[in-house]
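**Q** Input protein12.cif, format and content: mmCIF, C-alpha atoms.
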data_entry
loop_
_atom_site.group_PDB
_atom_site.id
_atom_site.type_symbol
_atom_site.label_atom_id
_atom_site.label_comp_id
_atom_site.auth_asym_id
_atom_site.auth_seq_id
_atom_site.Cartn_x
_atom_site.Cartn_y
_atom_site.Cartn_z
ATOM 1 C CA MET F 1 -68.522 -3.166 101.973
ATOM 2 C CA THR F 2 -71.268 -5.422 100.691
ATOM 3 C CA ALA F 3 -74.521 -5.236 102.625
ATOM 4 C CA HIS F 4 -75.118 -8.456 104.509
ATOM 5 C CA VAL F 5 -76.896 -10.145 107.405
ATOM 6 C CA ILE F 6 -74.959 -10.448 110.668
ATOM 7 C CA ALA F 7 -77.638 -12.264 112.714
ATOM 8 C CA VAL F 8 -81.137 -13.696 112.435
ATOM 9 C CA ALA F 9 -83.617 -14.229 115.254
ATOM 10 C CA GLN F 10 -87.149 -15.322 116.011
ATOM 11 C CA ASP F 11 -89.381 -15.953 119.004
ATOM 12 C CA GLY F 12 -92.716 -17.724 119.166
ATOM 13 C CA SER F 13 -93.861 -15.608 122.126
ATOM 14 C CA HIS F 14 -94.500 -11.891 122.455
ATOM 15 C CA ARG F 15 -91.283 -11.055 124.300
ATOM 16 C CA PHE F 16 -89.337 -7.857 123.696
ATOM 17 C CA SER F 17 -86.049 -9.467 122.627
ATOM 18 C CA LYS F 18 -85.783 -12.426 120.278
ATOM 19 C CA THR F 19 -83.487 -15.470 120.238
ATOM 20 C CA ILE F 20 -80.616 -15.655 117.741
ATOM 21 C CA VAL F 21 -80.856 -18.794 115.627
ATOM 22 C CA PRO F 22 -78.696 -20.221 112.805
ATOM 23 C CA GLU F 23 -81.366 -19.504 110.172
ATOM 24 C CA ILE F 24 -84.899 -18.253 109.743
ATOM 25 C CA ARG F 25 -87.398 -19.230 107.082
ATOM 26 C CA LEU F 26 -89.385 -16.385 105.531
ATOM 27 C CA LEU F 27 -92.842 -17.406 104.342
ATOM 28 C CA ASP F 28 -94.530 -15.615 101.410
ATOM 29 C CA GLY F 29 -97.018 -13.050 102.686
ATOM 30 C CA LEU F 30 -96.687 -14.202 106.311
ATOM 31 C CA GLY F 31 -93.283 -13.404 107.802
ATOM 32 C CA VAL F 32 -90.831 -15.446 109.865
ATOM 33 C CA GLU F 33 -91.883 -19.054 110.403
ATOM 34 C CA GLY F 34 -92.363 -19.735 114.110
ATOM 35 C CA ASP F 35 -92.295 -16.057 115.097
ATOM 36 C CA ALA F 36 -95.116 -14.541 117.168
ATOM 37 C CA HIS F 37 -95.599 -11.856 114.497
ATOM 38 C CA CYS F 38 -96.033 -14.277 111.579
ATOM 39 C CA GLY F 39 -99.339 -13.931 109.737
ATOM 40 C CA GLU F 40 -101.337 -12.067 107.088
ATOM 41 C CA LEU F 41 -103.187 -10.024 109.715
ATOM 42 C CA VAL F 42 -101.643 -7.786 112.357
ATOM 43 C CA LYS F 43 -100.033 -9.632 115.308
ATOM 44 C CA HIS F 44 -98.683 -6.784 117.451
ATOM 45 C CA ARG F 45 -100.880 -6.873 120.545
ATOM 46 C CA SER F 46 -101.579 -3.135 120.748
ATOM 47 C CA ARG F 47 -102.639 -3.059 117.098
ATOM 48 C CA VAL F 48 -104.750 -6.208 117.436
ATOM 49 C CA ARG F 49 -106.721 -4.458 120.212
ATOM 50 C CA VAL F 50 -107.473 -1.547 117.852
ATOM 51 C CA ASP F 51 -108.386 -3.609 114.767
ATOM 52 C CA PRO F 52 -107.487 -7.303 114.399
ATOM 53 C CA THR F 53 -108.436 -7.240 110.695
ATOM 54 C CA GLN F 54 -105.585 -4.886 109.687
ATOM 55 C CA PRO F 55 -103.035 -6.298 107.247
ATOM 56 C CA ASN F 56 -99.743 -7.243 108.891
ATOM 57 C CA LEU F 57 -97.258 -4.649 107.600
ATOM 58 C CA ARG F 58 -94.778 -5.695 110.322
ATOM 59 C CA GLN F 59 -93.998 -9.293 109.343
ATOM 60 C CA VAL F 60 -90.216 -8.827 109.434
ATOM 61 C CA HIS F 61 -88.233 -6.411 111.611
ATOM 62 C CA LEU F 62 -84.790 -5.354 110.320
ATOM 63 C CA PHE F 63 -82.178 -3.359 112.223
ATOM 64 C CA GLN F 64 -78.806 -1.945 111.140
ATOM 65 C CA SER F 65 -75.963 -2.957 113.463
ATOM 66 C CA GLU F 66 -74.099 0.320 112.899
ATOM 67 C CA LEU F 67 -76.427 1.936 115.445
ATOM 68 C CA PHE F 68 -75.108 -0.343 118.218
ATOM 69 C CA LYS F 69 -71.867 1.668 118.307
ATOM 70 C CA GLU F 70 -73.798 4.935 118.652
ATOM 71 C CA PHE F 71 -75.870 3.493 121.468
ATOM 72 C CA ALA F 72 -72.722 2.191 123.206
ATOM 73 C CA GLU F 73 -71.194 5.675 123.080
ATOM 74 C CA LYS F 74 -74.269 6.835 125.024
ATOM 75 C CA GLY F 75 -73.834 4.044 127.582
ATOM 76 C CA PHE F 76 -76.277 1.467 126.187
ATOM 77 C CA ALA F 77 -75.066 -2.053 125.405
ATOM 78 C CA VAL F 78 -77.338 -3.336 122.632
ATOM 79 C CA ALA F 79 -76.664 -6.475 120.593
ATOM 80 C CA PRO F 80 -78.396 -8.312 117.724
ATOM 81 C CA ALA F 81 -81.974 -9.440 118.545
ATOM 82 C CA ASP F 82 -82.096 -7.295 121.715
ATOM 83 C CA LEU F 83 -84.586 -4.855 120.181
ATOM 84 C CA GLY F 84 -86.743 -7.640 118.786
ATOM 85 C CA GLU F 85 -85.430 -7.618 115.240
ATOM 86 C CA ASN F 86 -85.534 -10.693 113.035
ATOM 87 C CA ILE F 87 -82.678 -9.621 110.774
ATOM 88 C CA THR F 88 -79.663 -7.568 111.875
ATOM 89 C CA THR F 89 -77.719 -6.046 108.983
ATOM 90 C CA ARG F 90 -74.388 -4.391 108.258
ATOM 91 C CA GLY F 91 -73.398 -2.169 105.356
ATOM 92 C CA ILE F 92 -76.793 -0.681 104.535
ATOM 93 C CA ASP F 93 -78.520 2.417 105.909
ATOM 94 C CA LEU F 94 -81.947 0.886 106.385
ATOM 95 C CA LEU F 95 -83.417 4.070 107.842
ATOM 96 C CA SER F 96 -82.812 6.001 104.616
ATOM 97 C CA LEU F 97 -84.550 3.538 102.292
ATOM 98 C CA PRO F 98 -87.776 4.631 100.594
ATOM 99 C CA CYS F 99 -91.052 2.825 101.168
ATOM 100 C CA ASN F 100 -91.569 -0.233 98.924
ATOM 101 C CA THR F 101 -87.843 -0.902 98.526
ATOM 102 C CA VAL F 102 -87.332 -4.643 98.090
ATOM 103 C CA LEU F 103 -84.400 -6.305 99.839
ATOM 104 C CA HIS F 104 -83.237 -9.536 98.194
ATOM 105 C CA ILE F 105 -81.667 -11.475 101.062
ATOM 106 C CA GLY F 106 -79.709 -14.675 100.583
ATOM 107 C CA GLU F 107 -80.598 -16.935 97.690
ATOM 108 C CA THR F 108 -84.341 -16.342 97.310
ATOM 109 C CA ALA F 109 -85.897 -14.282 100.120
ATOM 110 C CA LYS F 110 -87.354 -10.860 99.299
ATOM 111 C CA VAL F 111 -88.743 -8.387 101.830
ATOM 112 C CA LYS F 112 -90.645 -5.238 100.793
ATOM 113 C CA ILE F 113 -90.094 -2.367 103.214
ATOM 114 C CA THR F 114 -93.322 -0.915 104.623
ATOM 115 C CA GLY F 115 -92.106 1.633 107.189
ATOM 116 C CA PHE F 116 -90.322 2.469 110.419
ATOM 117 C CA ARG F 117 -90.775 0.455 113.566
ATOM 118 C CA ASN F 118 -92.494 2.736 116.037
ATOM 119 C CA PRO F 119 -90.532 2.707 119.301
ATOM 120 C CA CYS F 120 -92.536 2.129 122.459
ATOM 121 C CA ALA F 121 -92.102 2.397 126.224
ATOM 122 C CA GLN F 122 -90.927 -1.240 126.361
ATOM 123 C CA ILE F 123 -87.561 0.044 125.133
ATOM 124 C CA ASP F 124 -87.038 1.859 128.437
ATOM 125 C CA THR F 125 -88.142 -1.252 130.322
ATOM 126 C CA PHE F 126 -85.435 -3.183 128.461
ATOM 127 C CA LEU F 127 -82.751 -0.513 129.096
ATOM 128 C CA PRO F 128 -83.796 2.570 131.085
ATOM 129 C CA GLY F 129 -83.110 5.728 129.060
ATOM 130 C CA LEU F 130 -82.652 3.951 125.718
ATOM 131 C CA LEU F 131 -85.880 5.423 124.325
ATOM 132 C CA SER F 132 -84.248 8.868 124.286
ATOM 133 C CA ALA F 133 -81.347 7.439 122.253
ATOM 134 C CA VAL F 134 -83.586 5.831 119.626
ATOM 135 C CA LEU F 135 -85.921 8.824 119.225
ATOM 136 C CA VAL F 136 -84.049 11.870 117.988
ATOM 137 C CA ARG F 137 -85.415 15.272 116.985
ATOM 138 C CA LYS F 138 -83.781 16.904 113.989
ATOM 139 C CA ASN F 139 -85.209 20.157 112.628
ATOM 140 C CA LYS F 140 -88.555 19.505 114.372
ATOM 141 C CA GLU F 141 -88.726 16.061 112.745
ATOM 142 C CA LEU F 142 -88.878 12.961 114.934
ATOM 143 C CA ILE F 143 -86.407 10.354 113.723
ATOM 144 C CA ARG F 144 -87.144 6.769 114.745
ATOM 145 C CA ARG F 145 -84.009 4.636 115.024
ATOM 146 C CA THR F 146 -85.443 1.272 116.004
ATOM 147 C CA GLY F 147 -85.313 -0.351 112.606
ATOM 148 C CA ILE F 148 -87.680 -0.871 109.741
ATOM 149 C CA MET F 149 -90.505 -3.260 109.027
ATOM 150 C CA GLY F 150 -91.383 -5.226 105.953
ATOM 151 C CA VAL F 151 -93.527 -7.922 104.390
ATOM 152 C CA VAL F 152 -92.298 -11.093 102.715
ATOM 153 C CA VAL F 153 -92.853 -11.033 98.957
ATOM 154 C CA GLU F 154 -90.761 -14.149 98.318
ATOM 155 C CA GLY F 155 -89.882 -16.718 100.929
ATOM 156 C CA GLY F 156 -86.642 -18.502 101.629
ATOM 157 C CA LEU F 157 -83.980 -19.195 104.205
ATOM 158 C CA VAL F 158 -81.947 -16.328 105.677
ATOM 159 C CA ARG F 159 -78.683 -16.815 107.563
ATOM 160 C CA ALA F 160 -75.864 -14.710 108.960
ATOM 161 C CA LYS F 161 -73.412 -13.680 106.205
ATOM 162 C CA ASP F 162 -76.128 -13.729 103.516
ATOM 163 C CA ALA F 163 -75.778 -10.866 101.048
ATOM 164 C CA ILE F 164 -78.447 -8.183 100.745
ATOM 165 C CA ILE F 165 -79.222 -6.603 97.386
ATOM 166 C CA VAL F 166 -81.331 -3.444 97.329
ATOM 167 C CA HIS F 167 -83.991 -2.946 94.644
ATOM 168 C CA PHE F 168 -85.390 0.587 94.780
ATOM 169 C CA PRO F 169 -89.005 1.242 93.764
ATOM 170 C CA THR F 170 -89.822 3.388 90.767
ATOM 171 C CA GLU F 171 -89.673 7.119 91.377
ATOM 172 C CA PRO F 172 -90.935 9.266 92.855
ATOM 173 C CA HIS F 173 -89.777 7.642 96.079
ATOM 174 C CA LYS F 174 -91.989 7.836 99.155
ATOM 175 C CA ALA F 175 -90.289 8.390 102.521
ATOM 176 C CA LEU F 176 -90.839 5.807 105.230
ATOM 177 C CA GLU F 177 -93.448 6.494 107.890
ATOM 178 C CA ARG F 178 -94.160 4.556 111.076
ATOM 179 C CA VAL F 179 -96.184 1.382 110.700
#
What's the structure tokens form of this structure?

**A**
Amino acid sequence: MTAHVIAVAQDGSHRFSKTIVPEIRLLDGLGVEGDAHCGELVKHRSRVRVDPTQPNLRQVHLFQSELFKEFAEKGFAVAPADLGENITTRGIDLLSLPCNTVLHIGETAKVKITGFRNPCAQIDTFLPGLLSAVLVRKNKELIRRTGIMGVVVEGGLVRAKDAIIVHFPTEPHKALERV
């Protein structure tokens, strides 16, 4: 199966879930046009309180749809854009990608992966108990399953059904950490 986009979403306000739209425009070095998290500097409210001059390493949120089935088996109905992602994918294990992987999405857009999305208590507000399904301990390691974050290195339009091509960074690869 070819990796591809199954949904795109954005929201101009700081709400937990986003709204599915026909297309999003990625802007070089900024993120998703019209999204509350678009900008060169950090936009996530908790991070702005700590240091508003930090670079925005969370311009684009990507989530692999294959996890929806796992969540459903645990009793949680989760759909595209519910967890606040801008791009929902199929056919690619986003969580296993190394840091600085570049995803070429659609005709021109390119997103460089910066790290894991750090799950927060808002997940349990959205669906009580879901936080325990997205945070899993494996051999004393905490595995975050709420998607990955990236920055736009080349802008362009992204739509459902767009292909995703993975460009790995030069080795040695660095594992993703939370951003």

**Q** Would you mind listing what lies within 9 Å of F:Thr2 as a list in words, with all atoms listed in the file counted and same-chain residues fewer than 3 positions away left out?

**A**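 Once the adjacent positions are removed, what remains is Arg90, Gly91, Ile92, Ala163, Ile164 and Ile165 of chain F.
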
**Q** Residues near F:Lys112, anyone? I mean within 8 Å using only C-alpha atoms, not counting same-chain ones fewer than 2 positions away, as a list in words.

**A**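 Selected residues are Asn100, Thr101, Val102, Leu103, Lys110, Thr114, Gly150, Val151, Val152 and Val153 of chain F.
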
**Q** Have a look at F:Val111, F:Leu94, F:Leu142, F:Val78 and name the one nearest to F:Phe126; count all atoms listed in the file.

**A**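 Of the candidates, the smallest distance to F:Phe126 is held by F:Val78.
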
**Q** Here's the selection I'm unsure about, the PyMOL selection byres ((chain F and resi 29) around 9); applied to the file above, which residues does it give, as a list in words?

**A** Leu26, Leu27, Asp28, Leu30, Gly31, Gly39, Glu40, Asn56, Gln59, Val151, Val152, Val153, Glu154 and Gly155 of chain F

**Q** Can you tell me which residues surround F:Cys120 at a distance of at most 10 Å, considering all atoms listed in the file, apart from same-chain residues fewer than 2 positions away, and format the answer as a PDB file with C-alpha atoms, in the coordinates of the input?

**A**
ATOM      1  CA  ARG F 117     -90.775   0.455 113.566  1.00  0.00           C
ATOM      2  CA  ASN F 118     -92.494   2.736 116.037  1.00  0.00           C
ATOM      3  CA  GLN F 122     -90.927  -1.240 126.361  1.00  0.00           C
ATOM      4  CA  ILE F 123     -87.561   0.044 125.133  1.00  0.00           C
ATOM      5  CA  ASP F 124     -87.038   1.859 128.437  1.00  0.00           C
ATOM      6  CA  THR F 125     -88.142  -1.252 130.322  1.00  0.00           C
ATOM      7  CA  LEU F 131     -85.880   5.423 124.325  1.00  0.00           C
ATOM      8  CA  LEU F 135     -85.921   8.824 119.225  1.00  0.00           C
ATOM      9  CA  THR F 146     -85.443   1.272 116.004  1.00  0.00           C
TER      10      THR F 146
END

**Q** Determine the nearest neighbour of F:Ser13 from the options F:Asp93, F:Glu85, F:Asp35, F:Asp51, counting all atoms listed in the file.

**A**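 That would be F:Asp35, the residue with the smallest distance to F:Ser13.
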
**Q** Compile the contact shell of F:Lys43 as a list in words: residues with an atom at most 10 Å away, counting all atoms listed in the file, same-chain residues fewer than 3 positions apart removed.

**A** His14, Ala36, His37, Cys38, Gly39, Glu40, Ser46, Arg47, Val48, Arg49, Pro52, Thr53, Gln54, Pro55, Asn56, Leu57, Arg58 and Gln59 of chain F

**Q** Which one of F:Val42, F:Ala160, F:Val21, F:Val60 sits closest to F:Ile6 if you count only C-alpha atoms?

**A**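 For F:Ile6, the nearest of the given residues is F:Ala160.
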
**Q** Just how far from atom CA of F:Val5 is atom CA of F:Glu23, in Å to one decimal?

**A** 10.7 Å

**Q** Taking the file as shown, what set of residues would the PyMOL selection byres ((chain F and resi 63) around 7) give back, as a PyMOL selection string?

**A** chain F and resi 61-62+64-65+85+87-89+146-148

**Q** With all atoms listed in the file as the basis for distance, which of F:Ile105, F:Leu83, F:Leu176, F:Ala133 is at the shortest distance from F:Ile24?

**A**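 Using all atoms listed in the file, F:Ile24 sits closest to F:Ile105.
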
**Q** Taking all atoms of stretch 135-149 of chain F that appear in the file, build a box with edges along x, y and z, extend it by 4 Å on every side, and state its centre and edge lengths in Å to one decimal, as lines of an AutoDock Vina configuration file.

**A**
center_x = -87.1
center_y = 8.4
center_z = 114.1
size_x = 14.7
size_y = 31.4
size_z = 18.2
